[in-house]
>>> print(open('my_file-v1.cif').read())   # mmCIF, C-alpha atoms and all ligand atoms
data_model
#
loop_
_atom_site.label_atom_id
_atom_site.label_comp_id
_atom_site.auth_asym_id
_atom_site.auth_seq_id
_atom_site.Cartn_x
_atom_site.Cartn_y
_atom_site.Cartn_z
CA MET A 252 -0.49 3.86 16.56
CA ASP A 253 2.49 4.33 18.82
CA LYS A 254 0.60 6.45 21.37
CA GLY A 255 -2.49 4.27 21.30
CA LEU A 256 -0.53 1.09 21.79
CA SER A 257 1.51 2.62 24.60
CA GLN A 258 -1.70 3.64 26.36
CA LEU A 259 -2.86 0.05 26.14
CA GLY A 260 0.32 -0.95 27.96
CA CYS A 261 2.15 -2.37 24.94
CA VAL A 262 5.87 -1.91 24.44
CA VAL A 263 6.30 -0.47 20.95
CA ILE A 264 9.40 -1.23 18.91
CA ALA A 265 9.48 1.23 16.03
CA SER A 266 11.14 0.04 12.84
CA GLY A 267 10.87 0.81 9.16
CA VAL A 268 11.12 -1.28 6.06
CA GLY A 269 14.45 -2.73 5.00
CA ASN A 270 17.06 -4.59 7.01
CA THR A 271 14.73 -7.58 7.03
CA GLU A 272 17.15 -9.98 8.68
CA LEU A 273 17.70 -7.67 11.65
CA GLN A 274 13.95 -7.18 12.04
CA VAL A 275 13.41 -10.94 12.03
CA GLN A 276 16.03 -11.25 14.76
CA VAL A 277 14.41 -8.47 16.83
CA MET A 278 11.00 -10.08 16.39
CA HIS A 279 12.40 -13.41 17.51
CA ASP A 280 14.66 -12.33 20.38
CA LEU A 281 12.17 -9.89 21.95
CA ARG A 282 9.26 -12.32 21.41
CA VAL A 283 7.21 -9.72 19.58
CA THR A 284 3.49 -10.53 19.74
CA GLY A 285 2.01 -7.92 17.39
CA PHE A 286 2.85 -6.39 14.01
CA SER A 287 1.59 -3.17 12.45
CA GLY A 288 2.56 -2.44 8.85
CA THR A 289 1.97 -3.57 5.30
CA PRO A 290 0.86 -7.15 4.64
CA SER A 291 3.56 -7.67 2.04
CA PHE A 292 6.29 -6.69 4.51
CA LEU A 293 4.93 -9.08 7.13
CA MET A 294 4.99 -11.85 4.54
CA MET A 295 8.57 -10.93 3.65
CA LEU A 296 9.57 -11.15 7.32
CA ILE A 297 7.99 -14.59 7.62
CA LYS A 298 9.69 -15.85 4.45
CA LYS A 299 13.00 -14.39 5.62
CA ALA A 300 12.63 -16.14 8.99
CA GLU A 301 12.02 -19.41 7.17
CA SER A 302 15.06 -18.92 4.95
CA MET A 303 17.10 -18.30 8.12
CA GLY A 304 16.10 -21.78 9.28
CA TYR A 305 13.28 -20.88 11.68
CA ASN A 306 9.90 -22.52 11.89
CA PHE A 307 7.80 -19.36 12.11
CA HIS A 308 4.83 -20.98 13.79
CA ASN A 309 6.90 -22.59 16.56
CA ASP A 310 9.84 -20.22 17.00
CA PHE A 311 8.01 -16.87 16.98
CA SER A 312 5.39 -15.37 19.29
CA LEU A 313 3.50 -13.26 16.73
CA LYS A 314 -0.24 -13.56 17.41
CA ILE A 315 -1.80 -10.46 15.91
CA ALA A 316 -1.22 -8.23 12.88
CA TYR A 317 -2.79 -4.88 12.11
CA LEU A 318 -2.32 -4.39 8.39
CA SER A 319 -2.64 -1.26 6.30
CA ALA A 320 -1.18 1.01 3.55
CA GLU A 321 -1.96 -1.51 0.81
CA PRO A 322 -4.80 -3.91 0.02
CA VAL A 323 -4.79 -7.18 1.97
CA PRO A 324 -5.63 -9.92 -0.54
CA PRO A 325 -8.04 -12.45 1.04
CA SER A 326 -5.68 -15.25 -0.05
CA MET A 327 -2.82 -13.68 1.91
CA LYS A 328 -4.99 -13.09 4.96
CA LYS A 329 -5.89 -16.78 4.87
CA VAL A 330 -2.21 -17.78 4.86
CA PHE A 331 -1.47 -15.53 7.86
CA GLU A 332 -4.37 -16.97 9.80
CA GLU A 333 -4.36 -20.62 8.81
CA GLU A 334 -0.68 -21.36 8.24
CA TYR A 335 0.87 -19.05 10.77
CA GLY A 336 -1.82 -18.62 13.42
CA ILE A 337 -1.76 -14.81 13.19
CA ASN A 338 -5.03 -12.96 13.80
CA ALA A 339 -4.94 -10.51 10.88
CA GLY A 340 -6.92 -7.26 11.12
CA GLU A 341 -7.02 -4.35 8.72
CA SER A 342 -7.17 -0.58 8.80
CA TYR A 343 -7.44 2.21 6.27
CA GLY A 344 -6.02 5.71 6.45
CA THR A 345 -3.95 8.36 4.73
CA ALA A 346 -0.88 10.26 5.85
CA GLU A 347 -2.73 13.62 5.88
CA LEU A 348 -5.95 12.47 7.51
CA GLY A 349 -4.88 9.66 9.82
CA LEU A 350 -7.14 6.73 10.52
CA LEU A 351 -10.27 6.54 8.35
CA GLY A 352 -11.42 2.98 8.96
CA TYR A 353 -10.56 0.22 11.42
CA GLY A 354 -11.24 -3.49 11.42
CA CYS A 355 -13.02 -5.16 14.34
CA PRO A 356 -13.21 -8.76 15.56
CA ALA A 357 -16.20 -9.43 13.26
CA LYS A 358 -13.87 -8.81 10.27
CA SER A 359 -16.55 -7.55 7.94
CA GLY A 360 -15.36 -4.19 6.73
CA MET A 361 -13.75 -1.22 8.48
CA HIS A 362 -15.60 1.02 10.92
CA VAL A 363 -15.48 4.75 10.25
CA PRO A 364 -14.11 6.61 13.31
CA GLU A 365 -16.58 8.97 14.99
CA GLU A 366 -14.34 12.03 14.81
CA ILE A 367 -14.42 12.30 11.02
CA ILE A 368 -17.19 12.80 8.46
CA LEU A 369 -16.82 10.32 5.62
CA GLU A 370 -18.73 10.61 2.36
CA ILE A 371 -18.71 8.42 -0.72
CA VAL A 372 -19.16 10.64 -3.77
CA ASP A 373 -19.45 10.36 -7.50
CA PRO A 374 -15.88 11.22 -8.62
CA ALA A 375 -17.21 13.19 -11.60
CA THR A 376 -19.76 15.39 -9.79
CA GLY A 377 -18.68 15.34 -6.14
CA LYS A 378 -22.28 14.48 -5.17
CA GLN A 379 -22.91 12.11 -2.28
CA LEU A 380 -23.80 8.49 -3.07
CA PRO A 381 -25.96 6.19 -0.91
CA SER A 382 -24.70 3.12 0.96
CA GLY A 383 -23.69 0.28 -1.34
CA ASP A 384 -22.70 2.55 -4.25
CA MET A 385 -19.05 2.67 -5.24
CA GLY A 386 -17.41 6.09 -5.31
CA GLU A 387 -14.54 8.22 -4.07
CA VAL A 388 -13.86 8.49 -0.34
CA VAL A 389 -14.13 12.15 0.73
CA ILE A 390 -13.22 13.23 4.25
CA THR A 391 -14.06 16.17 6.47
CA SER A 392 -12.20 16.49 9.74
CA LEU A 393 -13.05 19.23 12.22
CA ASP A 394 -9.77 18.83 14.05
CA LYS A 395 -8.89 22.09 15.89
CA THR A 396 -5.27 22.10 14.75
CA LEU A 397 -5.76 20.91 11.18
CA PRO A 398 -9.35 21.25 9.99
CA ILE A 399 -9.97 19.69 6.59
CA ILE A 400 -13.13 20.18 4.56
CA ARG A 401 -14.11 17.59 1.96
CA ILE A 402 -10.75 16.34 0.78
CA GLY A 403 -10.88 13.60 -1.85
CA THR A 404 -8.59 10.68 -0.98
CA GLY A 405 -8.57 9.31 -4.52
CA ASP A 406 -9.58 5.89 -3.14
CA LEU A 407 -12.66 4.05 -4.35
CA SER A 408 -14.90 2.34 -1.83
CA TYR A 409 -18.46 1.77 -0.68
CA TYR A 410 -20.05 1.56 2.74
CA THR A 411 -22.79 -0.23 4.61
CA ASP A 412 -25.08 0.96 7.44
CA GLU A 413 -26.07 -2.58 8.45
CA PRO A 414 -25.38 -3.32 12.12
CA CYS A 415 -22.07 -5.10 12.69
CA LEU A 416 -21.83 -8.38 14.58
CA CYS A 417 -19.34 -6.75 16.95
CA GLY A 418 -22.03 -4.39 18.28
CA ARG A 419 -20.56 -1.13 16.96
CA THR A 420 -23.12 1.03 15.19
CA SER A 421 -20.89 3.16 12.93
CA PRO A 422 -20.98 2.71 9.15
CA ARG A 423 -18.33 0.44 7.69
CA LEU A 424 -16.28 0.71 4.52
CA VAL A 425 -16.75 -2.68 2.94
CA ARG A 426 -13.45 -2.66 1.08
CA ILE A 427 -11.10 -0.35 -0.79
CA ALA A 428 -11.63 -1.24 -4.42
CA GLY A 429 -8.95 0.79 -6.18
CA ARG A 430 -8.01 4.32 -7.16
CA VAL A 431 -9.74 7.13 -8.99
CA GLY A 432 -7.56 8.08 -11.96
CA ASN A 433 -4.11 6.81 -12.78
CA VAL A 434 -2.17 6.99 -9.55
CA VAL A 435 -0.63 3.67 -8.58
CA LYS A 436 0.57 2.60 -5.18
CA VAL A 437 3.72 0.50 -5.03
CA ARG A 438 4.95 -0.98 -1.75
CA GLY A 439 2.81 1.50 0.15
CA MET A 440 3.98 4.61 -1.76
CA PHE A 441 1.91 6.62 -4.23
CA ILE A 442 3.37 7.12 -7.70
CA GLN A 443 1.83 9.87 -9.81
CA PRO A 444 2.06 9.50 -13.62
CA LYS A 445 3.03 13.17 -13.94
CA GLN A 446 5.89 12.75 -11.50
CA VAL A 447 7.31 9.83 -13.51
CA GLU A 448 6.87 11.63 -16.82
CA GLU A 449 8.70 14.70 -15.57
CA LEU A 450 11.47 12.56 -14.20
CA VAL A 451 11.95 10.70 -17.48
CA ALA A 452 11.78 13.98 -19.41
CA SER A 453 14.78 15.19 -17.39
CA LEU A 454 16.80 12.40 -19.03
CA PRO A 455 16.69 13.41 -22.72
CA GLU A 456 18.46 10.24 -23.87
CA ILE A 457 15.38 8.21 -22.91
CA CYS A 458 12.91 8.47 -25.77
CA ASP A 459 10.18 6.24 -24.41
CA PHE A 460 9.32 4.24 -21.32
CA GLN A 461 6.81 1.98 -19.69
CA MET A 462 6.46 1.27 -15.99
CA VAL A 463 5.04 -2.15 -15.11
CA VAL A 464 3.91 -3.15 -11.61
CA SER A 465 3.22 -6.79 -10.89
CA ARG A 466 3.15 -9.12 -7.92
CA ASN A 467 6.13 -11.35 -7.18
CA GLY A 468 4.72 -13.54 -4.41
CA PRO A 469 3.76 -11.13 -1.62
CA ARG A 470 5.88 -8.30 -2.97
CA ASP A 471 5.19 -5.56 -5.52
CA ASP A 472 7.64 -5.84 -8.40
CA LEU A 473 8.47 -2.63 -10.25
CA ILE A 474 9.98 -2.86 -13.73
CA PHE A 475 10.84 -0.13 -16.20
CA LYS A 476 11.18 -0.68 -19.93
CA VAL A 477 13.09 2.12 -21.57
CA ALA A 478 14.02 2.90 -25.14
CA VAL A 479 17.08 5.11 -25.56
CA GLU A 480 18.20 7.33 -28.43
CA GLU A 481 20.63 5.69 -30.87
CA SER A 482 23.12 8.45 -30.11
CA CYS A 483 23.20 7.45 -26.44
CA LYS A 484 26.74 6.34 -25.57
CA ASN A 485 26.11 4.86 -22.16
CA PRO A 486 22.62 3.30 -21.92
CA SER A 487 23.37 1.50 -18.66
CA GLY A 488 24.56 4.77 -17.12
CA VAL A 489 21.28 6.44 -18.12
CA CYS A 490 19.35 3.55 -16.56
CA GLU A 491 21.33 3.87 -13.36
CA GLU A 492 20.57 7.58 -13.24
CA LEU A 493 16.88 6.86 -13.82
CA GLY A 494 16.93 4.33 -10.97
CA ASN A 495 18.60 6.78 -8.56
CA LYS A 496 16.36 9.71 -9.45
CA PHE A 497 13.26 7.56 -9.21
CA GLN A 498 14.22 6.34 -5.76
CA ASP A 499 14.94 9.90 -4.59
CA ILE A 500 11.64 11.30 -5.84
CA CYS A 501 9.20 8.40 -5.50
CA ARG A 502 10.93 6.71 -2.54
CA VAL A 503 10.52 3.29 -4.12
CA LYS A 504 13.33 1.24 -5.63
CA ILE A 505 12.96 -0.01 -9.21
CA ASP A 506 13.62 -3.76 -9.31
CA SER A 507 14.88 -3.86 -12.86
CA ILE A 508 15.29 -1.59 -15.87
CA GLN A 509 15.15 -3.26 -19.27
CA ILE A 510 16.41 -1.56 -22.40
CA VAL A 511 14.05 -2.22 -25.28
CA PRO A 512 14.50 -1.31 -28.97
CA LYS A 513 13.41 2.17 -29.95
CA GLY A 514 9.88 2.07 -31.39
CA SER A 515 8.92 -1.17 -29.63
CA LEU A 516 6.77 0.74 -27.14
CA SER A 517 3.92 1.89 -29.32
CA LYS A 518 2.26 5.25 -28.85
CA GLU A 519 -0.88 3.41 -27.72
CA SER A 520 0.85 1.39 -25.00
CA LYS A 521 0.12 2.69 -21.54
CA ARG A 522 3.01 4.26 -19.70
CA MET A 523 1.99 2.86 -16.35
CA VAL A 524 0.71 -0.70 -16.34
CA ASP A 525 -0.64 -2.33 -13.20
CA ASN A 526 -0.82 -6.13 -13.54
CA ARG A 527 -1.56 -6.84 -9.90
CA ASN A 528 -4.59 -8.77 -8.84
CA TRP A 529 -5.73 -8.57 -5.23
CA ASP A 530 -7.80 -11.78 -4.98
ZN ZN B 601 -17.63 -4.47 13.79
#
>>> encode(input="my_file-v1.cif", output="structure tokens", more="lines below")
Ligand SMILES: [Zn+2]
Amino acid sequence: MDKGLSQLGCVVIASGVGNTELQVQVMHDLRVTGFSGTPSFLMMLIKKAESMGYNFHNDFSLKIAYLSAEPVPPSMKKVFEEEYGINAGESYGTAELGLLGYGCPAKSGMHVPEEIILEIVDPATGKQLPSGDMGEVVITSLDKTLPIIRIGTGDLSYYTDEPCLCGRTSPRLVRIAGRVGNVVKVRGMFIQPKQVEELVASLPEICDFQMVVSRNGPRDDLIFKVAVEESCKNPSGVCEELGNKFQDICRVKIDSIQIVPKGSLSKESKRMVDNRNWD
């Protein structure tokens, strides 16, 4: 993104997540016109600006947003465009493979870049599916430095071959519909069930747990319910340790850890619950 934008003559200001107030100030003082990042972080910046007393529409220069790393709910896109006058585009990619789909002005799906081979396959058999059928996104990249043959991204999608209104002729991914298997993505980071189970197993005083992801406005909310052994002398200390370890390994902060009575999490209850809805 950085290189591409620089070649277009843009000045790129690199920043990460966190330190929201400072980022709002930078965005305001330098009259930033474009944003690239997650939709939920853009919404957080706007809400922060409003809580700092700004009128985002009048006091900021942001005109365009290129959103990725998490689904963009149509309702949120509408708020960006209609309430804040931001032209919101979308892209799809992974850290290993780079860009796999990019939005265009016609805003009807994401074009597949020419330098990769994208297949939609049946997750069970690995066999290719035709346009319109939902399956796993599988990528081949004949890059000279890092060639990759048929790597499954774990994302579910479907594509169309219909010509796009923008004039490009490449196939388009219509939308990313979810994940194959149990991996969940929280605030742009993947969380593997196995990773969490191993982490909890390293804290023997925790006898059971459940991780619940929900949406708190534009932000992913991550809650842990934990049951601790009766012999545990310092339950809040164990929770703190869980929080720190989780952040180190999964690189996402847990918003709250609730201690629940032992036995209240039944054997049938799922250990990772995703209550988010992306409408
Ligand atoms: Zn197009």
>>> residues_near_ligand(input="my_file-v1.cif", ligand="ligand ZN 601 (chain B)", cutoff="9 Å", atoms="only C-alpha atoms and all ligand atoms", output="ChimeraX atom specification")
/A:353-362,414-421,423
>>> closest_residue(input="my_file-v1.cif", among="A:Cys501, A:Met327, A:Ile337, A:Val437", to="His308 (chain A)", atoms="all atoms listed in the file")
A:Ile337
>>> closest_residue(input="my_file-v1.cif", among="A:Ile510, A:Cys490, A:Met385, A:Met523", to="Gln443 (chain A)", atoms="all atoms listed in the file")
A:Met523
>>> atom_distance(input="my_file-v1.cif", atom1="CA of Ala316 (chain A)", atom2="CA of Leu424 (chain A)")
19.4 Å
>>> residues_around(input="my_file-v1.cif", residues="Leu454 (chain A)", least_positions_apart="2", cutoff="9 Å", atoms="all atoms listed in the file", output="list in words")
Leu450, Val451, Ala452, Glu456, Ile457, Cys458, Val489, Glu492 and Leu493 of chain A
>>> write_last_selection(input="my_file-v1.cif", atoms="C-alpha atoms", output="mmCIF file, keeping the file's coordinate frame")
data_model
loop_
_atom_site.group_PDB
_atom_site.id
_atom_site.type_symbol
_atom_site.label_atom_id
_atom_site.label_comp_id
_atom_site.auth_asym_id
_atom_site.auth_seq_id
_atom_site.Cartn_x
_atom_site.Cartn_y
_atom_site.Cartn_z
ATOM 1 C CA LEU A 450 11.470 12.560 -14.200
ATOM 2 C CA VAL A 451 11.950 10.700 -17.480
ATOM 3 C CA ALA A 452 11.780 13.980 -19.410
ATOM 4 C CA GLU A 456 18.460 10.240 -23.870
ATOM 5 C CA ILE A 457 15.380 8.210 -22.910
ATOM 6 C CA CYS A 458 12.910 8.470 -25.770
ATOM 7 C CA VAL A 489 21.280 6.440 -18.120
ATOM 8 C CA GLU A 492 20.570 7.580 -13.240
ATOM 9 C CA LEU A 493 16.880 6.860 -13.820
#
>>> residues_around(input="my_file-v1.cif", residues="region 390-407 of chain A", least_positions_apart="3", cutoff="12 Å", atoms="only C-alpha atoms", output="count of residues only")
49
>>> build_atoms(input="my_file-v1.cif", residues="region 441-471 of chain A", atoms="N, CA and C atoms", output="short mmCIF file (atom, residue, chain, number, x, y, z; two decimals), in the frame of the given file")
data_model
loop_
_atom_site.label_atom_id
_atom_site.label_comp_id
_atom_site.auth_asym_id
_atom_site.auth_seq_id
_atom_site.Cartn_x
_atom_site.Cartn_y
_atom_site.Cartn_z
N PHE A 441 2.63 6.18 -3.05
CA PHE A 441 1.91 6.62 -4.23
C PHE A 441 2.87 7.05 -5.32
N ILE A 442 2.58 6.67 -6.55
CA ILE A 442 3.37 7.12 -7.70
C ILE A 442 2.43 7.81 -8.68
N GLN A 443 2.68 9.08 -8.92
CA GLN A 443 1.83 9.87 -9.81
C GLN A 443 2.41 9.80 -11.23
N PRO A 444 1.55 9.57 -12.24
CA PRO A 444 2.06 9.50 -13.62
C PRO A 444 2.86 10.76 -14.01
N LYS A 445 2.38 11.92 -13.57
CA LYS A 445 3.03 13.17 -13.94
C LYS A 445 4.47 13.23 -13.40
N GLN A 446 4.60 12.78 -12.17
CA GLN A 446 5.89 12.75 -11.50
C GLN A 446 6.90 11.90 -12.31
N VAL A 447 6.43 10.74 -12.77
CA VAL A 447 7.31 9.83 -13.51
C VAL A 447 7.64 10.44 -14.88
N GLU A 448 6.63 11.04 -15.50
CA GLU A 448 6.87 11.63 -16.82
C GLU A 448 7.87 12.77 -16.75
N GLU A 449 7.76 13.59 -15.73
CA GLU A 449 8.70 14.70 -15.57
C GLU A 449 10.12 14.19 -15.33
N LEU A 450 10.17 13.14 -14.52
CA LEU A 450 11.47 12.56 -14.20
C LEU A 450 12.16 12.02 -15.46
N VAL A 451 11.39 11.28 -16.26
CA VAL A 451 11.95 10.70 -17.48
C VAL A 451 12.32 11.83 -18.46
N ALA A 452 11.50 12.87 -18.49
CA ALA A 452 11.78 13.98 -19.41
C ALA A 452 13.09 14.69 -19.04
N SER A 453 13.52 14.57 -17.79
CA SER A 453 14.78 15.19 -17.39
C SER A 453 15.99 14.39 -17.88
N LEU A 454 15.72 13.22 -18.46
CA LEU A 454 16.80 12.40 -19.03
C LEU A 454 16.56 12.33 -20.54
N PRO A 455 17.06 13.32 -21.30
CA PRO A 455 16.69 13.41 -22.72
C PRO A 455 17.12 12.21 -23.57
N GLU A 456 18.05 11.40 -23.06
CA GLU A 456 18.46 10.24 -23.87
C GLU A 456 17.42 9.12 -23.86
N ILE A 457 16.46 9.20 -22.91
CA ILE A 457 15.38 8.21 -22.91
C ILE A 457 14.27 8.73 -23.81
N CYS A 458 13.93 7.96 -24.87
CA CYS A 458 12.91 8.47 -25.77
C CYS A 458 11.54 7.89 -25.48
N ASP A 459 11.48 6.78 -24.78
CA ASP A 459 10.18 6.24 -24.41
C ASP A 459 10.33 5.31 -23.21
N PHE A 460 9.24 5.13 -22.49
CA PHE A 460 9.32 4.24 -21.32
C PHE A 460 7.96 3.63 -21.01
N GLN A 461 8.03 2.57 -20.25
CA GLN A 461 6.81 1.98 -19.69
C GLN A 461 7.14 1.44 -18.30
N MET A 462 6.27 1.76 -17.35
CA MET A 462 6.46 1.27 -15.99
C MET A 462 5.46 0.15 -15.76
N VAL A 463 5.93 -1.00 -15.30
CA VAL A 463 5.04 -2.15 -15.11
C VAL A 463 5.12 -2.61 -13.65
N VAL A 464 3.97 -2.66 -12.99
CA VAL A 464 3.91 -3.15 -11.61
C VAL A 464 3.23 -4.50 -11.62
N SER A 465 3.87 -5.49 -11.01
CA SER A 465 3.22 -6.79 -10.89
C SER A 465 3.49 -7.35 -9.50
N ARG A 466 2.99 -8.52 -9.24
CA ARG A 466 3.15 -9.12 -7.92
C ARG A 466 4.13 -10.27 -8.04
N ASN A 467 5.18 -10.24 -7.21
CA ASN A 467 6.13 -11.35 -7.18
C ASN A 467 5.94 -11.98 -5.80
N GLY A 468 5.10 -13.01 -5.72
CA GLY A 468 4.72 -13.54 -4.41
C GLY A 468 4.02 -12.44 -3.64
N PRO A 469 4.45 -12.16 -2.40
CA PRO A 469 3.76 -11.13 -1.62
C PRO A 469 4.28 -9.73 -1.89
N ARG A 470 5.19 -9.58 -2.82
CA ARG A 470 5.88 -8.30 -2.97
C ARG A 470 5.52 -7.64 -4.29
N ASP A 471 5.40 -6.29 -4.28
CA ASP A 471 5.19 -5.56 -5.52
C ASP A 471 6.51 -5.51 -6.28
#
